[in-house]
Every structure is written in C-alpha cells, then in structure tokens.
Amino acid sequence: MDIITANELLSGATVYLTVDGKWLEEVSKAQTFGPEDKAARDAAVEAANASGRYLSVEIEKAEIIDGRVVPTRLREKIRAEGPTSPRHTPQTLDTPHAKGEDSNVSL
Amino acid sequence: MYRYDEFDAAFVRQRTEQFADQVRRRISGELNEDQFRPLRLMNGLYLQLHAYMLRVAVPYGTLSSKQLRRLAEIARKYDRGYGHFTTRQNIQFNWPRLNDVPKILAELADVEMHAIQTSGNCIRNVTTDQFAGAAADEIIDPRPIAEIIRQWSSLHPEFTFLPRKFKIAITGAPQDRAAVKFHDIGLMAKTGPNGEIGWTVYVGGGLGRTPMVAKQIRDFVDHEHLLAYLEAILRVYNRYGRRDNKYKARIKILVHEAGIDTIRDQVEEEFAAMKDGILKLPQEELDRITAYFAAPAFKEVEQKTIDLPKLKITDPAFARFIERNTHPHFRDGYVSVTVSMKPIGGTPGDATDIQMEAIADLAEKYSFDELRVSHEQNLVLPHVALDDLRAVYEGLVDIDLAEGNTGLITDIISCPGLDYCALATARSIPIAKSISQKFSAPERQEQIGDLKIKISGCINACGHHHVGHIGILGLDRKGVENYQITVGGDASEDAAVGSILGAGIAGDDVPDAIEKLVDLYIEKRESADETFIAAFRRLGEAPFKEALYGTR
C-alpha cells in the first residue's frame, strides 16, 4: 500500500497526509492507499503540489505492522523517526497553519 | 585575515535583504517552489530529509574566533546546538526553519560571513591547505591568491550558470593537503626558472560517479596572469561543457572526451587574447591583498625540545596529541595544532555550540585569533607556541576534543549519509562510529600508523571515498544498505583513485572487513615505517582482495 509524504514549507518537517486530510509528523496517522485508491492518491498528490505549502511530495510504500503504518524503505523510516546516529527527533511543525489546522486537502 | 571592504559589506548586506524579501514572498505565496528553489540554493539553503539545511561558506577554510563564536550562537539559537564541518571546509546547519534563515544570514553578515556560492552551477567556495600561512614546507601562502580568486569569481556575470558546479583548490606547499588533483581546477605553487613563484595548473579532476585525477594543463603561470588563465579555462568549459546530461557536465568529462591537448590549445588561444587585458593582476593589488594575511606578531621564544619518549611514559595521551596533532610551523617555537573533530565513537565533523565557543577562546588566547577548517573535517589552530601546547591540550580535554589521532585510522572522513542527506543511498555516520570504536585503543592506532578512511553514503562521493587509503561507499541493494570497499586511493600529490575490491558487504560487517585489511597490511609491511598506502603500492590489490574475500 501507499502513503503520501512531503516536507512542510516553513519548518521543512517531514509530514504525512492523514485520513482527515491534514499533514502531520506522525507516520502512524498516515492515510493508506490501496491499488483501488490510485485515483484518490494521485488527486491528493496533485492537490498537495498545488497548495504550495508542501515540498518534495512523494508516494511511498508502507505496511501495516501490529496495527500501525510503517514505511517500507529504510530511507522513509529514517525520515519518519529522525537521524539514527546520533539519534535526533524529527523536525516539528511550528504554526497553527503548519499543524494542519487549515491545511485540508480536498480529495 | 582578509577584512571586507565597503563593496563586500554592502554586497553581502544587499543579498541578505534580497533573500529576506524572497522568503517573505515564498511564504505569502507570491513565489512558488519552482521559482524559489534556485533563489534559496543561491543562498546555500537546501531541503534535506528532515528539514532545511543551510551551508555556510568558510572562504578557504579561514575563520576568526569571533566568526566561530557566531556560528556557535547560530547553532544554539536557530538549530539544535551543533554544526557539521564538511569536506568543502564549510559548515552546515541541519535544522533551520525557513523564517529564521534571513535572520541567520543577517547575523552571519555582521561577522563578514555568508552562504553564497555554496550551491548551484557556479564557481564554489575556494578551498586550500588547512596549514596555509603557517606550514614550514610552504613555498607561498596561498590565501591571498585564494582571496583574489574569491573576489574574481563572486557573482562573475559570465560564470553564474555554468554547465555544472565548479570547484577550485589551491596549495602553496609541495605536499598537497588540499586534494588539488581532485578539483575542477587545482593550483599548486611552483618556483619558476628565475626564482619567481607561480602556479602549476591542473584541470579536470573530480570524484563523484566518474572519479578522475586532474591533468596538468600548464606547468607555470605567474601571479600576474593567473586570473586571465583561469578565466580562459572557464570560458572554454562554459562554451564546450555538456549541458545535455548533468552526469556528464563537469569539466572532467570535457577534458576526458576532448583530450587535454585539445583543451590546452583552446585555453591557450583564449588566454593569448586576454592575458594582458583587465584581468592582469597588478603587483600593487596583490600586495594590498597580501597585507591582510601578514603573519601575526610572534613572540620571541627560545628553542624548545619536547622529550617525547619521556612524555610517552609520564603522560601518554598528551604525548600522542603532540606527536599526531601538531604540524611543523615556519616559525621556530611554534606549531599548528589540529583539533580532531573525531573523538572515538563520535560523528566526524560535528561540533556543539559549547565546543565551538571553547575552541574560539583557545584560538583567541593561543593562536592569534585564527582558525582553519580542514577538508578532513577537523579544525586547526595555526599558530600555537610550544610553551602553550599544554594549555591548549587541557582546554581541549575539557571539551572532549583532545584525541591525538590526526591521520590515524580513527580520523575518518564521513559525509552525513542517509541520516540526513536527500541524495544518500546508505548511512555513513554509523559506519564511521563503529570503525572508530573497533580501533579505539591508542596502541592499536599507533601500530597501524598513517591510514585514511573515507566514507560516502552515495556515489556523489562527498566523503571522498575514492581517495581513501581505504574507501567505503554505501549503496542501496534491493532496499538493504550495502558497502563497497576500495583500497589504494590517495588525495595527496601522489593522487590515485582506489580500486574496488569486490562485492559489497553488510554494514555490520564493515569494521571486521577493515580489520582484515589492516591485519594483512601489518603482516606484509616491510617495516613499521612502510605506511599502508606504500605497502598497497608495492603489493598491489590482489592480497587485499584475498584477505577480504578469500581465494574464491
């Protein structure tokens, strides 16, 4: 299955499109798209790019493990969790806008 | 050090204000990302995996205490309390927020720093020997010429959109510590037939996916005509360099495809047409710039001999520090001190704000306010009196940066790799740390002697793996990190690209693989004086390959 990720404009933070159309830092809240959701997925990517608030919008592979969304690629795991050595937490969003409160993306 | 003149100060301030307005327009939506990206890159602002990354230029690796303190303040105020010194003698901040970047640039401008020409297809920040202006073996201090090249290349209207980025390195000593033969242009000081000093010019070197040793294009160019000769090379490159394929756009490909003789003829034709024009460098201008780099007011010190054998018994850590981290100075009674940014198990090149401030204090007190950044990701206090060595050492002990390992197996170059970099295919930092920990014992490091390990997390080779005596390249093989080992690379005047030994191996296996190569070297070397790279040249790659992979 797929998830959609990007970097948010102001903070540069890694964010994921969630089921309620917000962009948040937690990959566990990412909306998943199956093969049948391709049209919705592509529309979401297009909307994110058109918004101008999200950079490097990408479709990434993910799996559900113990009920949680987990990215498949190591690169994406590092993006989601932060640098591994030394460990740093990921960048956080920093404004109401960036927190996704007015960043709904119409699907 | 060079001080900004009115033009420099006004130009940097104007650029900072322009960028502040560009950021404002990006956030308001007046500029989209396609419009903004080239503008932010022209100001050193990249987007990496986790956040923006700001690359700040340290021209020819020279810093003052005040500047290093400002970098520390920026790390603390706008980042996460650390910065990363790079193989381009720059510093990178990994976590700035877009709104803060104009403020950072304004605070940098206050101390005559900026992030211009740290990205884009322009002439990048000029690099040089970290012991420039101090080394005993120096023919000439390369910094005045480096500064003149900086002034010539900054916003050069003809060379702002080259086919690809363009890097110039310069060394004033016959022992090349600036890897000049792996740059687009490398300059090496040379004494001419009448005793005058000029430059041997190399062109077409580089690393990345197509590593090449630069070829000599001219044996000697005098100071007066150097800018004209450089301009002639850039014009030929700008005209004939490939723009159809970014992977074939560097000048090394042009030189390789056209041949050095053809390129030389084209450059000489351009040079002949312009050599006595406006780029002719008047002696008085060279003298004016050189005056900024005048040697400091050294103390009159008595010759001093340090009893190293005795010190090795009474204080072995300090003895190692003296033996490995000091470099001969042209002035009797002084040395240059390398501050190893490679503590055992640490991240190569990282410095905290507290460490930067402490090093700035040491430079102010013991090194005439001068600092250097080396392309091997260390800092240097260029002018330290032997009498002050103990105090410098103890100051470094206080901040956990007194490791006496310069040039040893734990003095590893490493790019940020997949922990930070959007281009990386594998992690570099954990590999560097695991090797450092495996060889942490000082006695073991001393037994091995000079050995340069260089690690890159992708084929772009920011970690210079091609020129490591042992090089490690991290790749992605079907979703798993995989590390290719090379042996025999050399960034010095005996420039060589390393040979790949065989199939890649897992990250966890890398330290043991390095140990096999090291053990083979120790077993086969003729004496402890034969270095790893010398032994490799004598033995060839076959025994190293066998040590790693067996006889299959």
# chains A, B, ... in the order shown; residues from 1 in each chain; ligands from 1
>>> select_by_dssp(residues="chain A", states="helix (DSSP H, G or I)", output="NGL selection string")
:A and (27-29 or 35-51 or 74-81 or 97-101)
>>> write_last_selection(atoms="C-alpha atoms", output="PDB file, in the first residue's frame")
ATOM      1  CA  VAL A  27       3.602   8.379  10.026  1.00  0.00           C
ATOM      2  CA  SER A  28       1.349   6.205  12.181  1.00  0.00           C
ATOM      3  CA  LYS A  29      -1.505   8.556  11.300  1.00  0.00           C
ATOM      4  CA  PRO A  35      -4.414  -0.306  -5.547  1.00  0.00           C
ATOM      5  CA  GLU A  36      -8.084   0.614  -5.833  1.00  0.00           C
ATOM      6  CA  ASP A  37      -7.377   4.081  -4.391  1.00  0.00           C
ATOM      7  CA  LYS A  38      -4.944   5.150  -7.099  1.00  0.00           C
ATOM      8  CA  ALA A  39      -7.172   7.968  -8.376  1.00  0.00           C
ATOM      9  CA  ALA A  40      -7.664   9.395  -4.884  1.00  0.00           C
ATOM     10  CA  ARG A  41      -3.951   9.076  -4.145  1.00  0.00           C
ATOM     11  CA  ASP A  42      -2.922  10.871  -7.310  1.00  0.00           C
ATOM     12  CA  ALA A  43      -5.514  13.590  -6.707  1.00  0.00           C
ATOM     13  CA  ALA A  44      -4.108  14.118  -3.207  1.00  0.00           C
ATOM     14  CA  VAL A  45      -0.583  14.451  -4.575  1.00  0.00           C
ATOM     15  CA  GLU A  46      -1.768  16.944  -7.156  1.00  0.00           C
ATOM     16  CA  ALA A  47      -3.634  18.959  -4.533  1.00  0.00           C
ATOM     17  CA  ALA A  48      -0.601  18.975  -2.242  1.00  0.00           C
ATOM     18  CA  ASN A  49       1.637  20.220  -5.019  1.00  0.00           C
ATOM     19  CA  ALA A  50      -0.916  22.864  -5.991  1.00  0.00           C
ATOM     20  CA  SER A  51      -1.164  24.126  -2.408  1.00  0.00           C
ATOM     21  CA  LEU A  74      14.857   2.441   5.255  1.00  0.00           C
ATOM     22  CA  ARG A  75      15.108   5.972   3.883  1.00  0.00           C
ATOM     23  CA  GLU A  76      11.484   6.593   4.750  1.00  0.00           C
ATOM     24  CA  LYS A  77      11.857   5.041   8.197  1.00  0.00           C
ATOM     25  CA  ILE A  78      14.705   7.472   8.867  1.00  0.00           C
ATOM     26  CA  ARG A  79      12.600  10.349   7.575  1.00  0.00           C
ATOM     27  CA  ALA A  80       9.785   9.305   9.888  1.00  0.00           C
ATOM     28  CA  GLU A  81      11.879   8.722  13.006  1.00  0.00           C
ATOM     29  CA  HIS A  97      -1.238  26.531   9.732  1.00  0.00           C
ATOM     30  CA  ALA A  98       1.575  24.032   9.604  1.00  0.00           C
ATOM     31  CA  LYS A  99      -0.102  21.881  12.252  1.00  0.00           C
ATOM     32  CA  GLY A 100      -2.648  21.118   9.598  1.00  0.00           C
ATOM     33  CA  GLU A 101      -5.453  23.096  11.160  1.00  0.00           C
TER      34      GLU A 101
END
>>> interface_residues(of="chain B", to="chain A", cutoff="6 Å", atoms="only C-alpha atoms", output="number ranges by chain")
B: 49-52, 97-98, 419, 430
>>> residues_around(residues="Ser499 of chain B", least_positions_apart="3", cutoff="12 Å", atoms="only C-alpha atoms", output="list in words")
Pro211, His465, His466, Val467, Gly468, His469, Ile470, Gly471, Ile472, Leu473, Gln484, Ile485, Thr486, Val487, Gly488, Gly489, Asp490, Ala496, Gly502, Phe536, Arg537, Gly540, Glu541, Ala542, Phe544 and Lys545 of chain B
>>> atom_distance(atom1="atom CA of Asp79 of chain B", atom2="atom CA of Glu357 of chain B")
15.4 Å
>>> residues_around(residues="Gln67 of chain B", least_positions_apart="5", cutoff="12 Å", atoms="only C-alpha atoms", output="PyMOL selection string")
chain B and resi 1+56-59+61-62+72-74+91+107-114+356-357+359-361+363-364+369-372
>>> write_last_selection(atoms="N, CA and C atoms", output="CSV table (one decimal), in the first residue's frame")
chain,number,residue,atom,x,y,z
B,1,MET,N,43.9,38.2,8.6
B,1,MET,CA,42.8,37.8,7.8
B,1,MET,C,42.3,38.9,6.9
B,56,VAL,N,27.0,27.2,5.1
B,56,VAL,CA,27.7,28.5,5.3
B,56,VAL,C,29.1,28.4,4.7
B,57,ALA,N,29.5,29.4,3.9
B,57,ALA,CA,30.8,29.4,3.3
B,57,ALA,C,31.9,29.8,4.4
B,58,VAL,N,33.0,29.0,4.4
B,58,VAL,CA,34.2,29.5,5.2
B,58,VAL,C,35.3,29.6,4.1
B,59,PRO,N,35.4,30.8,3.6
B,59,PRO,CA,36.3,31.0,2.4
B,59,PRO,C,37.7,30.5,2.7
B,61,GLY,N,38.6,28.1,4.1
B,61,GLY,CA,38.7,27.5,5.4
B,61,GLY,C,39.3,28.3,6.5
B,62,THR,N,39.2,29.6,6.4
B,62,THR,CA,39.8,30.5,7.4
B,62,THR,C,38.7,31.2,8.2
B,72,ALA,N,28.6,29.3,16.6
B,72,ALA,CA,28.1,28.6,17.8
B,72,ALA,C,26.7,29.2,18.3
B,73,GLU,N,26.6,30.5,18.2
B,73,GLU,CA,25.4,31.2,18.6
B,73,GLU,C,24.2,30.8,17.7
B,74,ILE,N,24.6,30.7,16.4
B,74,ILE,CA,23.5,30.3,15.4
B,74,ILE,C,23.1,28.9,15.7
B,91,ILE,N,30.6,24.9,6.9
B,91,ILE,CA,29.8,24.3,8.0
B,91,ILE,C,28.3,24.3,7.6
B,107,GLU,N,22.8,37.8,10.7
B,107,GLU,CA,23.8,37.6,11.8
B,107,GLU,C,25.2,37.2,11.3
B,108,LEU,N,25.2,36.4,10.2
B,108,LEU,CA,26.4,36.0,9.6
B,108,LEU,C,27.1,37.2,8.9
B,109,ALA,N,26.3,38.0,8.3
B,109,ALA,CA,26.8,39.2,7.6
B,109,ALA,C,27.5,40.1,8.6
B,110,ASP,N,27.0,40.2,9.8
B,110,ASP,CA,27.6,41.0,10.9
B,110,ASP,C,29.0,40.6,11.1
B,111,VAL,N,29.4,39.4,10.9
B,111,VAL,CA,30.7,38.9,11.1
B,111,VAL,C,31.4,38.6,9.8
B,112,GLU,N,31.0,39.2,8.7
B,112,GLU,CA,31.6,39.0,7.4
B,112,GLU,C,31.5,37.6,6.9
B,113,MET,N,30.4,37.0,7.1
B,113,MET,CA,30.2,35.6,6.5
B,113,MET,C,28.9,35.6,5.8
B,114,HIS,N,28.7,34.5,4.9
B,114,HIS,CA,27.5,34.4,4.1
B,114,HIS,C,27.4,32.9,3.6
B,356,MET,N,32.5,24.8,20.0
B,356,MET,CA,32.9,25.9,19.1
B,356,MET,C,33.3,27.1,19.9
B,357,GLU,N,32.6,27.4,21.0
B,357,GLU,CA,33.0,28.6,21.8
B,357,GLU,C,34.3,28.4,22.5
B,359,ILE,N,36.7,26.4,21.5
B,359,ILE,CA,37.8,26.4,20.6
B,359,ILE,C,38.1,27.9,20.1
B,360,ALA,N,37.0,28.7,20.0
B,360,ALA,CA,37.2,30.1,19.7
B,360,ALA,C,38.0,30.8,20.8
B,361,ASP,N,37.7,30.4,22.0
B,361,ASP,CA,38.5,31.0,23.2
B,361,ASP,C,40.0,30.6,23.1
B,363,ALA,N,41.6,29.8,20.4
B,363,ALA,CA,42.2,30.5,19.3
B,363,ALA,C,42.6,31.9,19.6
B,364,GLU,N,41.7,32.5,20.4
B,364,GLU,CA,41.9,33.9,20.7
B,364,GLU,C,43.1,34.1,21.7
B,369,ASP,N,44.0,34.5,17.3
B,369,ASP,CA,42.6,34.7,16.9
B,369,ASP,C,42.3,34.0,15.6
B,370,GLU,N,43.2,33.1,15.2
B,370,GLU,CA,43.0,32.5,13.9
B,370,GLU,C,42.6,31.0,14.0
B,371,LEU,N,41.8,30.6,13.1
B,371,LEU,CA,41.3,29.2,13.0
B,371,LEU,C,41.3,28.8,11.5
B,372,ARG,N,41.3,27.5,11.3
B,372,ARG,CA,41.1,26.9,10.0
B,372,ARG,C,40.2,25.7,10.1
>>> residues_around(residues="Asp287 of chain B", least_positions_apart="5", cutoff="10 Å", atoms="only C-alpha atoms", output="VMD selection string")
chain B and resid 144 282 292
>>> write_last_selection(atoms="C-alpha atoms", output="PDB file, in the first residue's frame")
ATOM      1  CA  PRO B 144      45.982  35.993  -0.901  1.00  0.00           C
ATOM      2  CA  PRO B 282      48.820  44.444 -10.760  1.00  0.00           C
ATOM      3  CA  TYR B 292      45.698  41.307   5.036  1.00  0.00           C
TER       4      TYR B 292
END
>>> residues_around(residues="Thr160 of chain B", least_positions_apart="6", cutoff="8 Å", atoms="only C-alpha atoms", output="ChimeraX atom specification")
/B:121-123
>>> write_last_selection(atoms="N, CA and C atoms", output="PDB file, in the first residue's frame")
ATOM      1  N   ASN B 121      25.317  26.009  -9.989  1.00  0.00           N
ATOM      2  CA  ASN B 121      26.313  25.750 -11.030  1.00  0.00           C
ATOM      3  C   ASN B 121      27.205  26.973 -11.245  1.00  0.00           C
ATOM      4  N   CYS B 122      27.890  27.318 -10.195  1.00  0.00           N
ATOM      5  CA  CYS B 122      28.778  28.477 -10.208  1.00  0.00           C
ATOM      6  C   CYS B 122      30.155  28.037  -9.701  1.00  0.00           C
ATOM      7  N   ILE B 123      31.068  28.988  -9.614  1.00  0.00           N
ATOM      8  CA  ILE B 123      32.371  28.684  -9.018  1.00  0.00           C
ATOM      9  C   ILE B 123      32.171  28.677  -7.504  1.00  0.00           C
TER      10      ILE B 123
END
>>> atom_distance(atom1="atom CA of Ala317 of chain B", atom2="atom CA of Glu446 of chain B")
11.9 Å
>>> residues_around(residues="Glu60 of chain A", least_positions_apart="5", cutoff="8 Å", atoms="only C-alpha atoms", output="list of chain:residue names")
A:Asp2, A:Ile3, A:Ile4, A:Thr5, A:Pro71, A:Thr72, A:Glu76
>>> write_last_selection(atoms="C-alpha atoms", output="mmCIF file, in the first residue's frame")
data_model
loop_
_atom_site.group_PDB
_atom_site.id
_atom_site.type_symbol
_atom_site.label_atom_id
_atom_site.label_comp_id
_atom_site.auth_asym_id
_atom_site.auth_seq_id
_atom_site.Cartn_x
_atom_site.Cartn_y
_atom_site.Cartn_z
ATOM 1 C CA ASP A 2 0.982 3.624 -0.412
ATOM 2 C CA ILE A 3 1.230 6.658 1.807
ATOM 3 C CA ILE A 4 1.894 10.271 0.812
ATOM 4 C CA THR A 5 4.711 12.251 2.372
ATOM 5 C CA PRO A 71 7.183 2.763 5.853
ATOM 6 C CA THR A 72 8.820 0.010 3.827
ATOM 7 C CA GLU A 76 11.484 6.593 4.750
#
>>> closest_residue(among="B:Met42, B:Val101, B:Val236, B:Leu187", to="Gln216 of chain B", atoms="only C-alpha atoms")
B:Leu187
>>> select_by_dssp(residues="segment 306-544 of chain B", states="strand (DSSP E)", output="JSON, numbers by chain")
{"B": [326, 327, 328, 334, 335, 336, 337, 338, 339, 350, 351, 352, 370, 371, 372, 373, 379, 380, 381, 382, 383, 384, 385, 413, 414, 453, 454, 455, 456, 470, 471, 472, 473, 474, 475, 476, 477, 480, 481, 482, 483, 484, 485, 486, 487, 499, 500]}
>>> closest_residue(among="B:Glu546, B:Glu158, B:Asp137, B:Asp307", to="Asn238 of chain B", atoms="only C-alpha atoms")
B:Glu158
>>> atom_distance(atom1="atom CA of Ile344 of chain B", atom2="atom CA of Thr86 of chain B")
18.3 Å
